[in-house]
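I have placed the structure first, in the form of structure tokens, so that the comments after it can refer back to it.
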Amino acid sequence: MKSRLDEFKEWGVDVVFGRVRGFRAWVLRSLLRVLSFFFFLVVKVRLLLFRRRLKTVHYLGTLVISIGNLTTGGTGKTPVVELLSRTLAARGRKVAILTRGYKSADLDEPQQWLDKKGNPVLNLPKIASDGRKRYLGPLHSGDEPFMLARNLEQVAVLVDKDRVKSGIFAIEQLESDTLVLDDGMQYLKLKHEIDIVLVDCGAPFGTGVLLPRGTMREPRSSLGRASYIILTKSGGRPQESLIAEIRKYNRVADIIVTNHGAKYLENIFTGERMPLDWLKDKWVACMSGIARPESFEKIVEELGAHVEIRRRYPDHFWFKQAELENFVQRCADRAMDLIVTTEKDAVRFLNPDEMDVPIYFLRIEIDILEGAEHWDRMINRFCSLGSDRLAPEWSDVL
């Protein structure tokens with residue numbers, strides 16, 4: 001059963017998205033709109049302070065690529081981070097992903113790492129993977145970092161709110177020459193040489209209003225900071241009007257149009273993989289804890305499944321054993337053929353005692369539909385940047 005706090009959070013999300021009406025919802029929306037004005041002022045002042053170097057910006061002397069967005073989640077960032085990191089690693093770059101690890105738990109015992117001289121390294125970030133070996137599960141690394149560490153070889157995944165610290169570890173201990181700053185558009189403490197900004201074609205600017213009334217972290221004008229803009233979840237539809245809107249704020253950035261394409265289904269406990277056409281005419285229950293569950297459910301429906309049950313939780317929700325077992329039983333009572341979830345959610349699933357209904361995750365990957373030449377040119381640019389730039393002494397930047 002959901003707690004009162006979870007129920008309130010869900011109601012609050014419904015208020016922000018305008019899915020509920022009534023006096024209480026109107027009062028909350030009015031209050032949040034006032035707070036959004038103050039949030040706008042804070043954002044502008046913060047950007048000005050970093051621009052004028054009144055707040056410290058750390059330069060680590062190596063290539064830093066930020067992948068981020070203007071809105072709070074739902075743009076399909078993780079598959080883009082995965083594709084970019086895999087491509088760069090295949091081209092010989094030594095890549096480390098620096099991520100916050102949202103909602104990850106603290107370690108029970110600190111990790112240990114020895115430098116080349118055999119001395120212990122102090123003040124470690126959480127090391128989800130060093131590119132060769134995984135060290136943490138999803139609880140302590142976070143669902144998205146764990147997924148990245150599991151899917152990527154020769155790519156390190158480091159978890160810490162202080163991504164300057166993570167970057168220094170990656171350079172000194174892992175000899176990384178390319179740092180991919182996950183969800184980094186608003187992380188201005190670390191100097192970005194490249195800003196890749198994602199825009200979801202289904203909800204380009206979220207609700208169109210800044211936090212907390214809406215879902216935008218920054219105003220649309222911040223698109224002007226983007227080096228490259230990737231449109232996600234296009235569904236294969238033309239995006240001329242969205243591109244024209246984006247060009248009002250950024251006239252020079254290359255724009256790449258992509259779609260989140262389903263590849264296969266995988267049983268989250270047995271690893272069995274099934275082709276997409278296996279879903280056709282199946283009676284399915286969708287269960288997810290992501291920012292925009294409707295986009296995931298739409299993909300399942302477009303594959304020919306009959307989505308009979310839709311169970312939605314807040315983004316990054318940690319499922320409880322009893323909750324999963326009750327849901328599986330409900331699906332069995334309704335004679336569902338299978339339960340389908342997302343890959344990110346799958347890492348947070350606990351194995352129910354009774355498996356009367358199989359559970360599969362839908363593997364999603366990025367398909368580049370327009371601007372492949374921009375993508376190739378971007379990759380070539382990154383790979384041509386030498387790693388011979390001397391980093392300053394760490395004492396000078398910290």
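In the structure tokens, the first chain shown is A, the next is B, and so on; residue numbers restart at 1 for each chain, and ligands run from 1 in the order shown.
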
| task | Excluding range 10-26 of chain A and residues on its chain fewer than 4 positions from it, collect all residues at most 12 Å away from it, counting only C-alpha atoms, and give them as a PyMOL selection string. | result | chain A and resi 2-6+30-33+36+72+203+206-216+289+291-292+312-315+317

Considering only strand (DSSP E or B) as DSSP defines it on the backbone, what residues of range 129-349 of chain A qualify? List them as a short mmCIF file (atom, residue, chain, number, x, y, z; two decimals) with N, CA, C and O atoms, in the first residue's frame.
```
data_model
loop_
_atom_site.label_atom_id
_atom_site.label_comp_id
_atom_site.auth_asym_id
_atom_site.auth_seq_id
_atom_site.Cartn_x
_atom_site.Cartn_y
_atom_site.Cartn_z
N SER A 129 31.22 1.54 -11.34
CA SER A 129 32.01 0.72 -12.25
C SER A 129 33.28 1.48 -12.59
O SER A 129 33.27 2.71 -12.69
N ASP A 130 34.38 0.73 -12.75
CA ASP A 130 35.63 1.36 -13.21
C ASP A 130 35.87 1.11 -14.69
O ASP A 130 36.95 1.38 -15.21
N ARG A 134 31.93 -4.07 -12.08
CA ARG A 134 30.88 -3.37 -11.34
C ARG A 134 31.09 -3.61 -9.85
O ARG A 134 31.36 -4.73 -9.42
N VAL A 155 33.70 1.73 -19.84
CA VAL A 155 33.22 3.06 -19.45
C VAL A 155 33.02 3.05 -17.93
O VAL A 155 32.29 2.21 -17.41
N ALA A 156 33.66 3.96 -17.23
CA ALA A 156 33.50 4.06 -15.79
C ALA A 156 32.23 4.83 -15.45
O ALA A 156 31.82 5.73 -16.20
N VAL A 157 31.61 4.48 -14.34
CA VAL A 157 30.43 5.19 -13.86
C VAL A 157 30.67 5.56 -12.39
O VAL A 157 30.82 4.67 -11.54
N LEU A 158 30.73 6.86 -12.12
CA LEU A 158 31.03 7.37 -10.79
C LEU A 158 29.84 8.17 -10.27
O LEU A 158 29.25 8.96 -11.01
N VAL A 159 29.53 7.96 -8.99
CA VAL A 159 28.32 8.54 -8.40
C VAL A 159 28.69 9.45 -7.24
O VAL A 159 29.32 9.02 -6.28
N THR A 178 37.87 11.73 -21.11
CA THR A 178 36.56 12.26 -21.49
C THR A 178 35.59 12.06 -20.34
O THR A 178 35.38 10.92 -19.90
N LEU A 179 35.04 13.15 -19.86
CA LEU A 179 34.07 13.08 -18.76
C LEU A 179 32.69 13.42 -19.31
O LEU A 179 32.50 14.49 -19.91
N VAL A 180 31.74 12.52 -19.13
CA VAL A 180 30.36 12.75 -19.55
C VAL A 180 29.56 13.11 -18.31
O VAL A 180 29.39 12.28 -17.41
N LEU A 181 29.11 14.34 -18.27
CA LEU A 181 28.41 14.86 -17.10
C LEU A 181 26.92 14.59 -17.27
O LEU A 181 26.22 15.27 -18.03
N ASP A 182 26.43 13.57 -16.59
CA ASP A 182 25.03 13.16 -16.71
C ASP A 182 24.13 14.17 -16.01
O ASP A 182 24.34 14.51 -14.84
N LEU A 190 31.39 22.73 -12.60
CA LEU A 190 32.39 22.07 -13.43
C LEU A 190 32.31 22.64 -14.84
O LEU A 190 31.24 22.65 -15.45
N ILE A 194 31.40 21.24 -23.77
CA ILE A 194 30.30 20.93 -24.67
C ILE A 194 29.01 20.79 -23.86
O ILE A 194 28.99 20.11 -22.84
N ASP A 195 27.94 21.41 -24.33
CA ASP A 195 26.61 21.23 -23.73
C ASP A 195 25.69 20.61 -24.76
O ASP A 195 25.36 21.23 -25.77
N ILE A 196 25.29 19.36 -24.51
CA ILE A 196 24.28 18.70 -25.34
C ILE A 196 22.96 18.80 -24.58
O ILE A 196 22.84 18.31 -23.45
N VAL A 197 21.97 19.43 -25.18
CA VAL A 197 20.69 19.65 -24.53
C VAL A 197 19.63 18.81 -25.22
O VAL A 197 19.50 18.84 -26.45
N LEU A 198 18.87 18.05 -24.45
CA LEU A 198 17.82 17.19 -24.97
C LEU A 198 16.47 17.89 -24.87
O LEU A 198 16.17 18.54 -23.86
N VAL A 199 15.67 17.73 -25.90
CA VAL A 199 14.31 18.29 -25.91
C VAL A 199 13.35 17.18 -26.32
O VAL A 199 13.50 16.58 -27.39
N ASP A 200 12.40 16.88 -25.47
CA ASP A 200 11.41 15.84 -25.72
C ASP A 200 10.34 16.38 -26.68
O ASP A 200 9.66 17.35 -26.36
N LEU A 210 8.06 27.46 -15.04
CA LEU A 210 9.19 27.08 -14.19
C LEU A 210 8.73 26.39 -12.91
O LEU A 210 7.58 26.56 -12.47
N MET A 216 9.82 23.16 -15.64
CA MET A 216 11.03 23.70 -16.26
C MET A 216 12.04 24.13 -15.21
O MET A 216 11.69 24.84 -14.26
N TYR A 228 24.96 21.43 -28.94
CA TYR A 228 24.17 20.54 -29.78
C TYR A 228 22.82 20.35 -29.12
O TYR A 228 22.72 20.33 -27.88
N ILE A 229 21.79 20.17 -29.93
CA ILE A 229 20.44 19.94 -29.41
C ILE A 229 19.93 18.63 -30.02
O ILE A 229 19.95 18.46 -31.24
N ILE A 230 19.50 17.72 -29.17
CA ILE A 230 18.97 16.44 -29.62
C ILE A 230 17.49 16.38 -29.29
O ILE A 230 17.10 16.49 -28.12
N LEU A 231 16.66 16.22 -30.30
CA LEU A 231 15.23 16.05 -30.11
C LEU A 231 14.96 14.57 -29.90
O LEU A 231 15.36 13.73 -30.72
N THR A 232 14.31 14.22 -28.81
CA THR A 232 14.06 12.83 -28.46
C THR A 232 12.58 12.50 -28.60
O THR A 232 11.72 13.39 -28.61
N ASP A 254 23.86 22.54 -33.89
CA ASP A 254 23.36 21.46 -34.73
C ASP A 254 22.19 20.78 -34.02
O ASP A 254 22.25 20.56 -32.79
N ILE A 255 21.15 20.43 -34.77
CA ILE A 255 19.97 19.77 -34.20
C ILE A 255 19.87 18.37 -34.78
O ILE A 255 19.91 18.18 -36.00
N ILE A 256 19.76 17.38 -33.89
CA ILE A 256 19.68 15.98 -34.28
C ILE A 256 18.33 15.44 -33.82
O ILE A 256 17.96 15.58 -32.65
N VAL A 257 17.58 14.83 -34.73
CA VAL A 257 16.25 14.31 -34.42
C VAL A 257 16.36 12.80 -34.19
O VAL A 257 16.88 12.07 -35.06
N THR A 258 15.87 12.33 -33.05
CA THR A 258 15.98 10.92 -32.71
C THR A 258 14.62 10.37 -32.26
O THR A 258 13.66 11.12 -32.06
N ASN A 259 14.59 9.07 -32.11
CA ASN A 259 13.42 8.43 -31.53
C ASN A 259 13.90 7.34 -30.57
O ASN A 259 14.97 6.77 -30.75
N HIS A 260 13.11 7.09 -29.54
CA HIS A 260 13.41 6.01 -28.61
C HIS A 260 12.76 4.74 -29.17
O HIS A 260 11.54 4.56 -29.05
N GLY A 261 13.57 3.91 -29.80
CA GLY A 261 13.04 2.72 -30.45
C GLY A 261 13.12 1.49 -29.58
O GLY A 261 14.15 1.20 -28.97
N ALA A 262 12.01 0.74 -29.52
CA ALA A 262 11.99 -0.52 -28.80
C ALA A 262 12.78 -1.56 -29.58
O ALA A 262 12.70 -1.63 -30.81
N LYS A 263 13.57 -2.41 -28.87
CA LYS A 263 14.43 -3.39 -29.53
C LYS A 263 14.02 -4.83 -29.22
O LYS A 263 14.02 -5.68 -30.09
N TYR A 264 13.71 -5.12 -27.97
CA TYR A 264 13.30 -6.46 -27.58
C TYR A 264 12.73 -6.41 -26.17
O TYR A 264 12.81 -5.38 -25.47
N LEU A 265 12.17 -7.53 -25.73
CA LEU A 265 11.70 -7.70 -24.36
C LEU A 265 12.62 -8.69 -23.66
O LEU A 265 13.07 -9.66 -24.27
N GLU A 266 12.89 -8.44 -22.37
CA GLU A 266 13.76 -9.35 -21.62
C GLU A 266 13.13 -9.65 -20.27
O GLU A 266 12.72 -8.74 -19.55
N ASN A 267 13.04 -10.92 -19.94
CA ASN A 267 12.53 -11.34 -18.65
C ASN A 267 13.49 -10.86 -17.56
O ASN A 267 14.69 -11.16 -17.63
N ARG A 273 14.99 -13.43 -23.72
CA ARG A 273 14.64 -12.32 -24.61
C ARG A 273 13.59 -12.78 -25.63
O ARG A 273 13.67 -13.89 -26.16
N MET A 274 12.65 -11.87 -25.89
CA MET A 274 11.60 -12.14 -26.85
C MET A 274 11.55 -11.01 -27.87
O MET A 274 11.78 -9.84 -27.53
N TRP A 283 -2.42 -9.58 -23.64
CA TRP A 283 -3.04 -8.75 -22.61
C TRP A 283 -1.99 -8.41 -21.58
O TRP A 283 -1.39 -9.30 -20.97
N VAL A 284 -1.74 -7.11 -21.41
CA VAL A 284 -0.54 -6.65 -20.71
C VAL A 284 -0.89 -5.69 -19.59
O VAL A 284 -1.83 -4.88 -19.71
N ALA A 285 -0.11 -5.77 -18.51
CA ALA A 285 -0.15 -4.77 -17.44
C ALA A 285 1.16 -3.99 -17.48
O ALA A 285 2.24 -4.60 -17.49
N CYS A 286 1.08 -2.68 -17.54
CA CYS A 286 2.28 -1.83 -17.52
C CYS A 286 2.49 -1.30 -16.11
O CYS A 286 1.56 -0.77 -15.48
N MET A 287 3.71 -1.42 -15.61
CA MET A 287 4.05 -0.95 -14.28
C MET A 287 5.35 -0.15 -14.38
O MET A 287 6.34 -0.64 -14.91
N SER A 288 5.33 1.10 -13.91
CA SER A 288 6.53 1.93 -14.09
C SER A 288 6.60 3.01 -13.02
O SER A 288 5.58 3.44 -12.47
N HIS A 306 -2.52 -5.20 -25.79
CA HIS A 306 -3.71 -4.62 -25.15
C HIS A 306 -3.32 -4.26 -23.72
O HIS A 306 -3.19 -5.14 -22.86
N VAL A 307 -3.12 -2.98 -23.46
CA VAL A 307 -2.73 -2.55 -22.11
C VAL A 307 -3.99 -2.42 -21.27
O VAL A 307 -4.75 -1.47 -21.38
N GLU A 308 -4.18 -3.41 -20.42
CA GLU A 308 -5.40 -3.49 -19.61
C GLU A 308 -5.22 -2.81 -18.26
O GLU A 308 -6.16 -2.25 -17.70
N ILE A 309 -4.00 -2.87 -17.70
CA ILE A 309 -3.73 -2.30 -16.37
C ILE A 309 -2.54 -1.36 -16.50
O ILE A 309 -1.53 -1.72 -17.11
N ARG A 310 -2.66 -0.17 -15.92
CA ARG A 310 -1.56 0.80 -15.92
C ARG A 310 -1.28 1.18 -14.46
O ARG A 310 -2.12 1.83 -13.82
N ARG A 311 -0.12 0.79 -13.96
CA ARG A 311 0.23 1.12 -12.57
C ARG A 311 1.42 2.07 -12.61
O ARG A 311 2.51 1.70 -13.04
N ARG A 312 1.21 3.29 -12.15
CA ARG A 312 2.23 4.33 -12.22
C ARG A 312 2.68 4.74 -10.82
O ARG A 312 1.86 4.92 -9.93
N LEU A 338 1.27 -11.00 -19.39
CA LEU A 338 2.57 -10.61 -18.84
C LEU A 338 2.50 -9.19 -18.29
O LEU A 338 1.56 -8.44 -18.58
N ILE A 339 3.51 -8.86 -17.49
CA ILE A 339 3.71 -7.50 -16.98
C ILE A 339 4.90 -6.92 -17.73
O ILE A 339 5.93 -7.59 -17.87
N VAL A 340 4.76 -5.69 -18.20
CA VAL A 340 5.85 -5.02 -18.90
C VAL A 340 6.26 -3.78 -18.12
O VAL A 340 5.39 -2.99 -17.70
N THR A 341 7.55 -3.61 -17.91
CA THR A 341 8.07 -2.45 -17.21
C THR A 341 9.23 -1.87 -18.02
O THR A 341 9.55 -2.36 -19.11
N THR A 342 9.85 -0.82 -17.52
CA THR A 342 10.99 -0.22 -18.20
C THR A 342 12.28 -0.86 -17.68
O THR A 342 12.31 -1.46 -16.60
#
```

| note | Among A:Leu279, A:Met185, A:Val81, A:Ile67, Arg225 in chain A is approached most closely, using only C-alpha atoms, by A:Met185
